[in-house]
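Below is the file upload.cif, which contains mmCIF, C-alpha atoms and all ligand atoms.
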data_my_file
loop_
_atom_site.group_PDB
_atom_site.id
_atom_site.type_symbol
_atom_site.label_atom_id
_atom_site.label_comp_id
_atom_site.auth_asym_id
_atom_site.auth_seq_id
_atom_site.Cartn_x
_atom_site.Cartn_y
_atom_site.Cartn_z
ATOM 1 C CA MET A 1 0.000 0.000 0.000
ATOM 2 C CA SER A 2 1.397 3.410 -0.893
ATOM 3 C CA SER A 3 1.224 6.262 1.614
ATOM 4 C CA ASN A 4 -1.417 7.825 -0.614
ATOM 5 C CA ASP A 5 -3.739 4.845 -0.723
ATOM 6 C CA PRO A 6 -7.134 5.989 0.554
ATOM 7 C CA HIS A 7 -8.103 2.384 1.310
ATOM 8 C CA GLY A 8 -5.671 2.375 4.193
ATOM 9 C CA GLY A 9 -8.200 3.738 6.693
ATOM 10 C CA PRO A 10 -6.077 5.927 8.965
ATOM 11 C CA SER A 11 -7.398 6.102 12.497
ATOM 12 C CA SER A 12 -6.169 9.533 13.565
ATOM 13 C CA ALA A 13 -5.702 13.074 12.350
ATOM 14 C CA ALA A 14 -1.956 12.443 12.140
ATOM 15 C CA ALA A 15 -2.595 9.429 9.974
ATOM 16 C CA ALA A 16 -4.872 11.463 7.722
ATOM 17 C CA ARG A 17 -2.167 14.089 7.312
ATOM 18 C CA GLN A 18 0.377 11.370 6.583
ATOM 19 C CA ALA A 19 -1.935 9.800 4.027
ATOM 20 C CA GLY A 20 -2.063 13.084 2.150
ATOM 21 C CA ARG A 21 1.671 13.167 1.515
ATOM 22 C CA LYS A 22 3.061 13.226 -1.986
ATOM 23 C CA HIS A 23 3.905 10.112 -3.929
ATOM 24 C CA ALA A 24 7.647 9.562 -4.149
ATOM 25 C CA ASP A 25 7.429 10.267 -7.912
ATOM 26 C CA GLY A 26 5.594 13.545 -7.321
ATOM 27 C CA ALA A 27 2.452 12.423 -9.197
ATOM 28 C CA ARG A 28 -0.979 13.483 -7.935
ATOM 29 C CA PRO A 29 -3.198 10.693 -6.631
ATOM 30 C CA ALA A 30 -5.685 9.504 -9.273
ATOM 31 C CA ALA A 31 -8.922 11.467 -9.398
ATOM 32 C CA VAL A 32 -10.933 8.236 -9.477
ATOM 33 C CA ASP A 33 -10.033 7.834 -5.803
ATOM 34 C CA LYS A 34 -12.232 10.746 -4.671
ATOM 35 C CA HIS A 35 -14.979 8.403 -3.430
ATOM 36 C CA GLU A 36 -12.518 6.524 -1.249
ATOM 37 C CA TRP A 37 -11.038 9.733 0.118
ATOM 38 C CA ARG A 38 -14.536 10.949 1.049
ATOM 39 C CA ARG A 39 -15.315 7.654 2.730
ATOM 40 C CA ARG A 40 -12.109 7.805 4.739
ATOM 41 C CA PHE A 41 -12.574 11.368 5.975
ATOM 42 C CA ARG A 42 -16.225 10.644 6.780
ATOM 43 C CA ALA A 43 -15.151 7.636 8.882
ATOM 44 C CA LEU A 44 -12.583 9.733 10.773
ATOM 45 C CA ARG A 45 -15.176 12.374 11.619
ATOM 46 C CA ALA A 46 -17.783 9.754 12.583
ATOM 47 C CA ALA A 47 -15.269 8.246 15.039
ATOM 48 C CA ALA A 48 -14.565 11.556 16.807
ATOM 49 C CA THR A 49 -15.908 11.920 20.348
ATOM 50 C CA HIS A 50 -18.602 14.405 21.269
ATOM 51 C CA ASP A 51 -16.093 16.329 23.418
ATOM 52 C CA ALA A 52 -13.566 16.539 20.573
ATOM 53 C CA LEU A 53 -16.215 17.834 18.165
ATOM 54 C CA ARG A 54 -17.366 20.418 20.694
ATOM 55 C CA ALA A 55 -13.790 21.603 21.262
ATOM 56 C CA GLU A 56 -13.312 21.794 17.493
ATOM 57 C CA ALA A 57 -16.476 23.879 17.032
ATOM 58 C CA ASP A 58 -15.453 26.184 19.912
ATOM 59 C CA ALA A 59 -12.008 26.792 18.393
ATOM 60 C CA LEU A 60 -13.439 27.386 14.911
ATOM 61 C CA ALA A 61 -16.053 29.834 16.216
ATOM 62 C CA ALA A 62 -13.349 31.777 18.094
ATOM 63 C CA ALA A 63 -10.992 31.912 15.101
ATOM 64 C CA TRP A 64 -13.855 32.883 12.782
ATOM 65 C CA ARG A 65 -14.787 35.766 15.099
ATOM 66 C CA THR A 66 -11.337 37.122 15.845
ATOM 67 C CA GLU A 67 -9.430 36.395 12.640
ATOM 68 C CA ILE A 68 -12.069 36.803 9.934
ATOM 69 C CA LEU A 69 -15.181 38.681 11.069
ATOM 70 C CA THR A 70 -13.098 41.523 12.499
ATOM 71 C CA THR A 71 -11.567 42.098 9.047
ATOM 72 C CA LEU A 72 -14.911 42.556 7.249
ATOM 73 C CA PRO A 73 -16.705 45.919 7.149
ATOM 74 C CA TRP A 74 -20.252 46.315 8.476
ATOM 75 C CA GLY A 75 -22.718 45.690 5.631
ATOM 76 C CA ALA A 76 -20.368 43.530 3.531
ATOM 77 C CA THR A 77 -21.854 40.493 1.799
ATOM 78 C CA ILE A 78 -20.487 37.015 2.438
ATOM 79 C CA CYS A 79 -21.503 33.626 1.089
ATOM 80 C CA ALA A 80 -21.587 30.920 3.744
ATOM 81 C CA TYR A 81 -23.528 27.663 4.198
ATOM 82 C CA VAL A 82 -25.626 26.052 6.904
ATOM 83 C CA PRO A 83 -23.354 23.349 8.369
ATOM 84 C CA THR A 84 -24.716 19.855 9.013
ATOM 85 C CA ASP A 85 -23.834 17.874 12.147
ATOM 86 C CA ALA A 86 -21.297 15.963 10.030
ATOM 87 C CA GLU A 87 -19.389 19.107 9.049
ATOM 88 C CA PRO A 88 -16.878 21.135 11.085
ATOM 89 C CA GLY A 89 -18.130 24.305 12.761
ATOM 90 C CA ASP A 90 -21.632 25.128 13.873
ATOM 91 C CA MET A 91 -24.440 27.685 13.692
ATOM 92 C CA ARG A 92 -22.533 30.148 15.891
ATOM 93 C CA MET A 93 -20.458 31.116 12.877
ATOM 94 C CA LEU A 94 -23.571 32.219 10.973
ATOM 95 C CA GLU A 95 -25.102 33.935 13.985
ATOM 96 C CA ASP A 96 -21.860 35.820 14.715
ATOM 97 C CA ALA A 97 -21.675 36.922 11.081
ATOM 98 C CA LEU A 98 -25.175 38.409 11.392
ATOM 99 C CA ALA A 99 -24.220 40.073 14.676
ATOM 100 C CA SER A 100 -21.229 41.632 12.871
ATOM 101 C CA GLY A 101 -23.614 43.379 10.487
ATOM 102 C CA LEU A 102 -22.852 41.204 7.471
ATOM 103 C CA ARG A 103 -25.305 40.319 4.735
ATOM 104 C CA VAL A 104 -25.076 36.527 4.750
ATOM 105 C CA LEU A 105 -26.091 34.466 1.713
ATOM 106 C CA VAL A 106 -26.370 30.669 1.878
ATOM 107 C CA PRO A 107 -26.873 28.187 -0.960
ATOM 108 C CA VAL A 108 -30.216 26.980 -2.240
ATOM 109 C CA THR A 109 -29.601 23.571 -3.766
ATOM 110 C CA GLY A 110 -31.354 22.555 -6.970
ATOM 111 C CA ALA A 111 -30.378 20.076 -9.669
ATOM 112 C CA PRO A 112 -26.582 19.853 -10.182
ATOM 113 C CA GLY A 113 -25.431 23.173 -11.608
ATOM 114 C CA PRO A 114 -24.470 26.578 -10.212
ATOM 115 C CA LEU A 115 -25.979 27.143 -6.760
ATOM 116 C CA SER A 116 -28.679 29.759 -6.181
ATOM 117 C CA TRP A 117 -28.609 31.793 -2.959
ATOM 118 C CA ALA A 118 -30.916 33.123 -0.261
ATOM 119 C CA ARG A 119 -30.327 35.525 2.574
ATOM 120 C CA TYR A 120 -29.692 33.931 5.983
ATOM 121 C CA THR A 121 -31.720 35.828 8.570
ATOM 122 C CA GLY A 122 -31.486 33.416 11.519
ATOM 123 C CA ARG A 123 -31.760 29.715 12.233
ATOM 124 C CA GLY A 124 -35.486 29.910 12.948
ATOM 125 C CA ALA A 125 -36.230 30.726 9.317
ATOM 126 C CA LEU A 126 -34.508 27.593 7.938
ATOM 127 C CA ARG A 127 -36.492 24.778 6.319
ATOM 128 C CA PRO A 128 -35.553 21.170 5.399
ATOM 129 C CA ALA A 129 -34.140 20.948 1.874
ATOM 130 C CA ARG A 130 -32.470 18.509 -0.527
ATOM 131 C CA TYR A 131 -29.824 16.091 0.889
ATOM 132 C CA GLY A 132 -31.044 16.659 4.468
ATOM 133 C CA LEU A 133 -29.757 20.244 4.412
ATOM 134 C CA LEU A 134 -31.416 23.256 6.042
ATOM 135 C CA GLU A 135 -31.984 26.276 3.799
ATOM 136 C CA PRO A 136 -33.939 29.546 3.902
ATOM 137 C CA PRO A 137 -37.206 29.306 1.947
ATOM 138 C CA GLY A 138 -36.337 32.410 -0.121
ATOM 139 C CA PRO A 139 -36.483 34.827 -1.794
ATOM 140 C CA VAL A 140 -34.115 32.961 -4.084
ATOM 141 C CA LEU A 141 -31.268 34.911 -5.673
ATOM 142 C CA ALA A 142 -29.655 33.889 -8.978
ATOM 143 C CA PRO A 143 -26.232 32.146 -9.010
ATOM 144 C CA SER A 144 -24.705 35.485 -10.048
ATOM 145 C CA ALA A 145 -25.371 36.830 -6.513
ATOM 146 C CA ILE A 146 -22.068 35.216 -5.476
ATOM 147 C CA ALA A 147 -20.328 38.108 -7.274
ATOM 148 C CA GLU A 148 -21.472 40.429 -4.445
ATOM 149 C CA ALA A 149 -19.519 38.497 -1.788
ATOM 150 C CA SER A 150 -16.121 39.648 -0.550
ATOM 151 C CA LEU A 151 -15.650 36.340 1.288
ATOM 152 C CA ILE A 152 -16.992 32.896 0.405
ATOM 153 C CA LEU A 153 -17.048 29.973 2.824
ATOM 154 C CA VAL A 154 -16.759 26.831 0.735
ATOM 155 C CA PRO A 155 -17.777 23.530 2.372
ATOM 156 C CA ALA A 156 -15.112 20.847 2.176
ATOM 157 C CA VAL A 157 -14.647 17.266 3.272
ATOM 158 C CA ALA A 158 -10.909 17.997 3.103
ATOM 159 C CA VAL A 159 -8.527 20.451 1.461
ATOM 160 C CA ASP A 160 -4.857 20.286 0.556
ATOM 161 C CA LEU A 161 -1.987 22.724 0.892
ATOM 162 C CA HIS A 162 -2.307 23.712 -2.786
ATOM 163 C CA GLY A 163 -5.942 24.741 -2.342
ATOM 164 C CA VAL A 164 -7.400 21.606 -3.911
ATOM 165 C CA ARG A 165 -10.734 20.906 -2.273
ATOM 166 C CA LEU A 166 -12.629 17.658 -1.856
ATOM 167 C CA GLY A 167 -16.379 18.327 -1.647
ATOM 168 C CA ARG A 168 -19.372 16.056 -1.252
ATOM 169 C CA GLY A 169 -19.406 14.982 -4.850
ATOM 170 C CA GLY A 170 -22.191 17.029 -6.429
ATOM 171 C CA GLY A 171 -19.843 19.328 -8.318
ATOM 172 C CA TYR A 172 -21.981 22.258 -7.154
ATOM 173 C CA TYR A 173 -19.236 24.587 -5.979
ATOM 174 C CA ASP A 174 -16.973 23.933 -8.955
ATOM 175 C CA ARG A 175 -19.820 25.179 -11.141
ATOM 176 C CA THR A 176 -20.577 28.091 -8.807
ATOM 177 C CA LEU A 177 -17.223 29.615 -7.857
ATOM 178 C CA PRO A 178 -16.178 30.841 -11.329
ATOM 179 C CA ALA A 179 -18.814 33.626 -10.978
ATOM 180 C CA ALA A 180 -17.187 34.996 -7.789
ATOM 181 C CA ALA A 181 -15.627 38.461 -7.780
ATOM 182 C CA PRO A 182 -11.922 38.300 -8.715
ATOM 183 C CA GLY A 183 -10.757 39.582 -5.323
ATOM 184 C CA ALA A 184 -13.085 37.472 -3.154
ATOM 185 C CA SER A 185 -11.481 35.286 -0.486
ATOM 186 C CA MET A 186 -12.488 31.632 -0.719
ATOM 187 C CA VAL A 187 -12.191 29.916 2.648
ATOM 188 C CA CYS A 188 -12.602 26.250 3.600
ATOM 189 C CA VAL A 189 -13.411 25.388 7.211
ATOM 190 C CA VAL A 190 -11.862 22.020 8.065
ATOM 191 C CA GLY A 191 -10.765 19.965 11.038
ATOM 192 C CA ASP A 192 -7.034 19.724 11.717
ATOM 193 C CA GLY A 193 -6.869 16.236 10.175
ATOM 194 C CA GLU A 194 -8.726 17.404 7.076
ATOM 195 C CA LEU A 195 -5.942 19.683 5.869
ATOM 196 C CA VAL A 196 -3.565 17.355 4.019
ATOM 197 C CA GLU A 197 -0.600 17.764 1.731
ATOM 198 C CA GLU A 198 -2.160 16.509 -1.460
ATOM 199 C CA LEU A 199 -5.594 15.435 -2.704
ATOM 200 C CA PRO A 200 -6.699 14.150 -6.101
ATOM 201 C CA GLU A 201 -7.611 16.956 -8.501
ATOM 202 C CA ASP A 202 -9.861 17.009 -11.570
ATOM 203 C CA PRO A 203 -9.557 19.625 -14.327
ATOM 204 C CA HIS A 204 -12.876 21.222 -13.248
ATOM 205 C CA ASP A 205 -11.797 21.671 -9.603
ATOM 206 C CA VAL A 206 -11.600 25.308 -8.482
ATOM 207 C CA ARG A 207 -8.757 25.880 -6.006
ATOM 208 C CA ILE A 208 -9.384 27.908 -2.878
ATOM 209 C CA GLY A 209 -6.956 30.288 -1.189
ATOM 210 C CA MET A 210 -7.569 30.130 2.532
ATOM 211 C CA VAL A 211 -8.385 27.676 5.309
ATOM 212 C CA LEU A 212 -9.759 28.015 8.816
ATOM 213 C CA THR A 213 -8.716 25.216 11.164
ATOM 214 C CA PRO A 214 -9.287 24.794 14.902
ATOM 215 C CA GLY A 215 -5.571 24.297 15.611
ATOM 216 C CA GLU A 216 -4.023 27.034 13.505
ATOM 217 C CA GLY A 217 -6.832 29.495 12.832
ATOM 218 C CA ALA A 218 -7.076 31.278 9.477
ATOM 219 C CA PHE A 219 -4.219 31.215 6.997
ATOM 220 C CA ARG A 220 -3.531 31.475 3.295
ATOM 221 C CA ILE A 221 -2.545 28.435 1.280
ATOM 222 C CA ALA A 222 -0.837 28.353 -2.090
ATOM 223 C CA ARG A 223 -3.108 28.440 -5.144
ATOM 224 C CA GLU A 224 -0.554 26.934 -7.498
HETATM 225 N N1 LIG A 301 -23.820 22.374 4.541
HETATM 226 C C1 LIG A 301 -23.614 22.230 3.224
HETATM 227 N N2 LIG A 301 -24.437 22.810 2.374
HETATM 228 C C2 LIG A 301 -24.244 22.641 1.024
HETATM 229 C C3 LIG A 301 -23.173 21.872 0.530
HETATM 230 C C4 LIG A 301 -22.302 21.249 1.482
HETATM 231 O O1 LIG A 301 -21.333 20.542 1.142
HETATM 232 N N3 LIG A 301 -22.566 21.451 2.805
HETATM 233 N N4 LIG A 301 -23.008 21.748 -0.835
HETATM 234 C C5 LIG A 301 -21.803 21.459 -1.471
HETATM 235 O O2 LIG A 301 -21.761 21.223 -2.655
HETATM 236 C C6 LIG A 301 -24.184 21.918 -1.688
HETATM 237 C C7 LIG A 301 -24.985 20.624 -1.646
HETATM 238 N N5 LIG A 301 -24.203 19.578 -2.220
HETATM 239 C C8 LIG A 301 -24.238 18.249 -1.901
HETATM 240 C C9 LIG A 301 -23.599 17.362 -2.739
HETATM 241 C C10 LIG A 301 -23.642 16.013 -2.487
HETATM 242 C C11 LIG A 301 -24.303 15.523 -1.374
HETATM 243 C C12 LIG A 301 -24.336 14.070 -1.074
HETATM 244 O O3 LIG A 301 -25.252 13.595 -0.405
HETATM 245 N N6 LIG A 301 -23.324 13.291 -1.494
HETATM 246 C C13 LIG A 301 -23.271 11.889 -1.158
HETATM 247 C C14 LIG A 301 -22.267 11.033 -1.875
HETATM 248 C C15 LIG A 301 -21.320 11.670 -2.837
HETATM 249 C C16 LIG A 301 -20.315 10.750 -3.494
HETATM 250 O O4 LIG A 301 -19.449 10.160 -2.810
HETATM 251 O O5 LIG A 301 -20.357 10.651 -4.730
HETATM 252 C C17 LIG A 301 -22.953 11.767 0.335
HETATM 253 O O6 LIG A 301 -22.319 12.695 0.906
HETATM 254 O O7 LIG A 301 -23.319 10.737 0.895
HETATM 255 C C18 LIG A 301 -24.934 16.424 -0.532
HETATM 256 C C19 LIG A 301 -24.897 17.790 -0.783
HETATM 257 C C20 LIG A 301 -24.946 23.138 -1.242
HETATM 258 N N7 LIG A 301 -25.137 23.207 0.185
HETATM 259 N N1 LIG A 302 -17.632 22.996 -13.889
HETATM 260 C C1 LIG A 302 -18.206 21.807 -14.111
HETATM 261 N N2 LIG A 302 -18.869 21.546 -15.243
HETATM 262 C C2 LIG A 302 -19.432 20.353 -15.485
HETATM 263 N N3 LIG A 302 -19.402 19.315 -14.603
HETATM 264 C C3 LIG A 302 -18.756 19.496 -13.458
HETATM 265 C C4 LIG A 302 -18.127 20.743 -13.153
HETATM 266 N N4 LIG A 302 -17.583 20.639 -11.916
HETATM 267 C C5 LIG A 302 -17.866 19.394 -11.490
HETATM 268 N N5 LIG A 302 -18.555 18.697 -12.422
HETATM 269 C C6 LIG A 302 -19.024 17.291 -12.272
HETATM 270 O O1 LIG A 302 -19.568 17.109 -10.981
HETATM 271 C C7 LIG A 302 -19.233 15.812 -10.466
HETATM 272 C C8 LIG A 302 -18.662 15.914 -9.066
HETATM 273 O O2 LIG A 302 -17.418 16.646 -9.083
HETATM 274 P P1 LIG A 302 -16.491 16.653 -7.780
HETATM 275 O O3 LIG A 302 -16.295 15.254 -7.306
HETATM 276 O O4 LIG A 302 -15.275 17.473 -8.052
HETATM 277 O O5 LIG A 302 -17.462 17.431 -6.763
HETATM 278 P P2 LIG A 302 -17.192 18.166 -5.375
HETATM 279 O O6 LIG A 302 -16.341 19.370 -5.598
HETATM 280 O O7 LIG A 302 -16.692 17.148 -4.426
HETATM 281 O O8 LIG A 302 -18.694 18.561 -5.003
HETATM 282 P P3 LIG A 302 -19.407 19.826 -4.305
HETATM 283 O O9 LIG A 302 -18.935 21.058 -5.009
HETATM 284 O O10 LIG A 302 -20.860 19.570 -4.550
HETATM 285 O O11 LIG A 302 -19.054 19.804 -2.886
HETATM 286 C C9 LIG A 302 -18.265 15.192 -11.450
HETATM 287 O O12 LIG A 302 -18.970 14.210 -12.189
HETATM 288 C C10 LIG A 302 -17.859 16.336 -12.347
HETATM 289 O O13 LIG A 302 -17.614 15.898 -13.661
#
Would you mind writing the structure in this file as structure tokens?
Amino acid sequence: MSSNDPHGGPSSAAAARQAGRKHADGARPAAVDKHEWRRRFRALRAAATHDALRAEADALAAAWRTEILTTLPWGATICAYVPTDAEPGDMRMLEDALASGLRVLVPVTGAPGPLSWARYTGRGALRPARYGLLEPPGPVLAPSAIAEASLILVPAVAVDLHGVRLGRGGGYYDRTLPAAAPGASMVCVVGDGELVEELPEDPHDVRIGMVLTPGEGAFRIARE
């Protein structure tokens, strides 16, 4: 088994990081392995204790507040998403964004294609949607609304140090992000074990430029 084999089933964050290391020949892992990589990261997260997940969410909420929200002007638009229980971070991040005076848009999921958007006004307004997600009922904004955002939170199962992102496999964000404003920051929120050296990349994958992790807070990664 090579160190990049996603069938290996690492049992810790350190093992996940190790599994993301480069092949000796420098080649990227085959893109066909994305399903296995998703399965592996999902298993790691499912095995985490309640206390560990709570500590992770606390650290992410604190870093989000102090390292990102403080940099955004009152009234700015951001694109975020409503996290599920199986994703890092929690609703505090959305609530704190509202409290900081931001206009917060979250995705409205339709058939695979560019995501539409709706304004997040508070958790009480959310309704069950496709894939077990929670979304605002509307009014629905066209996919082009992403161009108004100065910062975009992009959900990720994992991300690598080159900005390659592994999503949930719908291809939604890869079809959505090209309409973002040229200067917008694209940020993935991931657990410490979900930032790895190298993930498989397809030609359609849009690289992101920043990560927020519980252990190291917000930092830029290379988009190269
Ligand atoms: N909270 C949240 N909202 C989001 C996303 C997200 O990742 N997280 N999305 C990000 O695009 C969009 C929804 N995309 C989704 C894409 C696929 C699946 C899904 O159920 N995938 C299957 C298996 C995929 C595979 O391995 O091929 C699964 O996860 O079991 C769910 C949502 C928009 N809203
Ligand atoms: N820009 C695009 N145009 C056409 N098809 C695309 C595009 N981006 C992705 N796809 C298709 O979507 C499918 C899923 O792609 P991929 O596995 O990269 O999704 P993902 O980034 O994990 O998902 P998501 O963005 O929903 O989290 C693939 O079959 C891919 O061919």
### Query
What do you get, as a VMD selection string, if you spell out every residue that the PyMOL selection byres (((chain A and resi 205-213) around 10) and not hetatm) selects here?
chain A and resid 56 to 57 59 to 61 63 to 64 67 to 68 88 to 89 152 to 154 159 to 167 171 173 to 178 184 to 195 200 to 204 214 to 224
### Query
If you apply the PyMOL selection byres (((not hetatm)) within 10 of (chain A and resi 301)) to this file, what residues do you get, as a ChimeraX atom specification?
/A:34-39,42,80-88,90,106-117,129-135,154-157,166-176
Export of prior selection with C-alpha atoms as a short mmCIF file (atom, residue, chain, number, x, y, z; two decimals), in the coordinates of the input:
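New file selection_2.cif:
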data_model
loop_
_atom_site.label_atom_id
_atom_site.label_comp_id
_atom_site.auth_asym_id
_atom_site.auth_seq_id
_atom_site.Cartn_x
_atom_site.Cartn_y
_atom_site.Cartn_z
CA LYS A 34 -12.23 10.75 -4.67
CA HIS A 35 -14.98 8.40 -3.43
CA GLU A 36 -12.52 6.52 -1.25
CA TRP A 37 -11.04 9.73 0.12
CA ARG A 38 -14.54 10.95 1.05
CA ARG A 39 -15.32 7.65 2.73
CA ARG A 42 -16.23 10.64 6.78
CA ALA A 80 -21.59 30.92 3.74
CA TYR A 81 -23.53 27.66 4.20
CA VAL A 82 -25.63 26.05 6.90
CA PRO A 83 -23.35 23.35 8.37
CA THR A 84 -24.72 19.86 9.01
CA ASP A 85 -23.83 17.87 12.15
CA ALA A 86 -21.30 15.96 10.03
CA GLU A 87 -19.39 19.11 9.05
CA PRO A 88 -16.88 21.14 11.08
CA ASP A 90 -21.63 25.13 13.87
CA VAL A 106 -26.37 30.67 1.88
CA PRO A 107 -26.87 28.19 -0.96
CA VAL A 108 -30.22 26.98 -2.24
CA THR A 109 -29.60 23.57 -3.77
CA GLY A 110 -31.35 22.56 -6.97
CA ALA A 111 -30.38 20.08 -9.67
CA PRO A 112 -26.58 19.85 -10.18
CA GLY A 113 -25.43 23.17 -11.61
CA PRO A 114 -24.47 26.58 -10.21
CA LEU A 115 -25.98 27.14 -6.76
CA SER A 116 -28.68 29.76 -6.18
CA TRP A 117 -28.61 31.79 -2.96
CA ALA A 129 -34.14 20.95 1.87
CA ARG A 130 -32.47 18.51 -0.53
CA TYR A 131 -29.82 16.09 0.89
CA GLY A 132 -31.04 16.66 4.47
CA LEU A 133 -29.76 20.24 4.41
CA LEU A 134 -31.42 23.26 6.04
CA GLU A 135 -31.98 26.28 3.80
CA VAL A 154 -16.76 26.83 0.74
CA PRO A 155 -17.78 23.53 2.37
CA ALA A 156 -15.11 20.85 2.18
CA VAL A 157 -14.65 17.27 3.27
CA LEU A 166 -12.63 17.66 -1.86
CA GLY A 167 -16.38 18.33 -1.65
CA ARG A 168 -19.37 16.06 -1.25
CA GLY A 169 -19.41 14.98 -4.85
CA GLY A 170 -22.19 17.03 -6.43
CA GLY A 171 -19.84 19.33 -8.32
CA TYR A 172 -21.98 22.26 -7.15
CA TYR A 173 -19.24 24.59 -5.98
CA ASP A 174 -16.97 23.93 -8.96
CA ARG A 175 -19.82 25.18 -11.14
CA THR A 176 -20.58 28.09 -8.81
#
### Message
Given only C-alpha atoms and all ligand atoms as the basis, pick out the residue of A:Thr121, A:Pro182, A:Leu151, A:Asp33 nearest to ligand LIG 302 (chain A).
### Response
A:Asp33
Where's the centre, and what are the edge lengths in Å to one decimal, of a box along x, y and z enclosing all listed atoms of ligand LIG 302 (chain A) padded 5 Å per side, as lines of an AutoDock Vina configuration file?
center_x = -18.1
center_y = 18.6
center_z = -9.2
size_x = 15.6
size_y = 18.8
size_z = 22.6
### Query
So which residues get picked by the PyMOL selection byres (((chain A and resi 139) around 8) and not hetatm) here, written as number ranges by chain?
A: 118-119, 137-138, 140-141
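Atom O13 of ligand LIG 302 (chain A) to atom CA of A:Val104 spans 28.6 Å [interatomic distance, one decimal].
Of note, atom C10 of ligand LIG 302 (chain A) and atom CA of A:Val196 are spaced 21.8 Å apart.
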### Task
Quick one: pull the distance between atom CA of A:Arg92 and atom CA of A:Gly122, Å, one decimal.
10.5 Å
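Checking A:Ala179, A:Ala47, A:Arg103, A:Thr70 one by one against ligand LIG 302 (chain A), counting only C-alpha atoms and all ligand atoms, you find the shortest gap at A:Ala179.
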